[in-house]
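One structure is given here, and the rest of the page talks about it.
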Amino acid sequence: MDIDSAIEITRSAVILTLLVGTPVMGVAMVVGLIISLFQALTQLQDQTLSFVPKILAMVGTLLLIMPWIIGKIVSYTVELWSSIPDNL
């Protein structure tokens, strides 16, 4: 395996990680913004008020997009394993 192959594998893994993690982080950011606005309007400063809804939204998002995530990871793994003979 040469350095170009290693760089390409690493680049693909980083892109896949960003692609898979972006929807969950996006939902957490939107929910956090909504909760922060609610806290600012009502002047409630309870820590669990922002933590629990974000966790629930993130888990719900993960459950909804889990088939897509698994498909992407399986596709990457198959591509990675099938490229092994080329890189030897």
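All residue names refer to the structure tokens as shown: chains lettered A, B, ... in order, residues numbered from 1 in each chain, ligands numbered from 1 in order.
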- Message: Residues near stretch 50-64 of chain A, anyone? I mean within 10 Å using only C-alpha atoms, not counting same-chain ones fewer than 4 positions away, as a list of chain:residue names.
- Response: A:Val20, A:Gly21, A:Pro23, A:Val24, A:Met25, A:Gly26, A:Val27, A:Ala28, A:Met29, A:Val30, A:Val31, A:Gly32, A:Leu33, A:Ile34, A:Ile35, A:Ser36, A:Phe38, A:Gln39, A:Gln45, A:Asp46, A:Trp68, A:Ile69
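Comparing A:Thr48, A:Ser5, A:Thr42, A:Ser12 by their smallest distance to A:Thr77, the closest is A:Ser12 (using only C-alpha atoms).
Closest approach to A:Val74 among A:Leu16, A:Leu49, A:Ile3, A:Leu41 is made by A:Leu16 (distances from only C-alpha atoms).
Between atom CA of A:Lys72 and atom CA of A:Asp86 the interatomic distance comes to 21.7 Å.
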- Task: May I have the residues within 12 Å of stretch 81-85 of chain A as an NGL selection string, using only C-alpha atoms and disregarding those fewer than 6 positions away in the same chain?
- Result: :A and (1 or 5-6 or 8-9 or 74-75)
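Separating atom CA of A:Val78 from atom CA of A:Thr22 is a distance of 22.3 Å.
The two atoms in question, atom CA of A:Leu80 and atom CA of A:Leu19, are spaced 17.1 Å apart.
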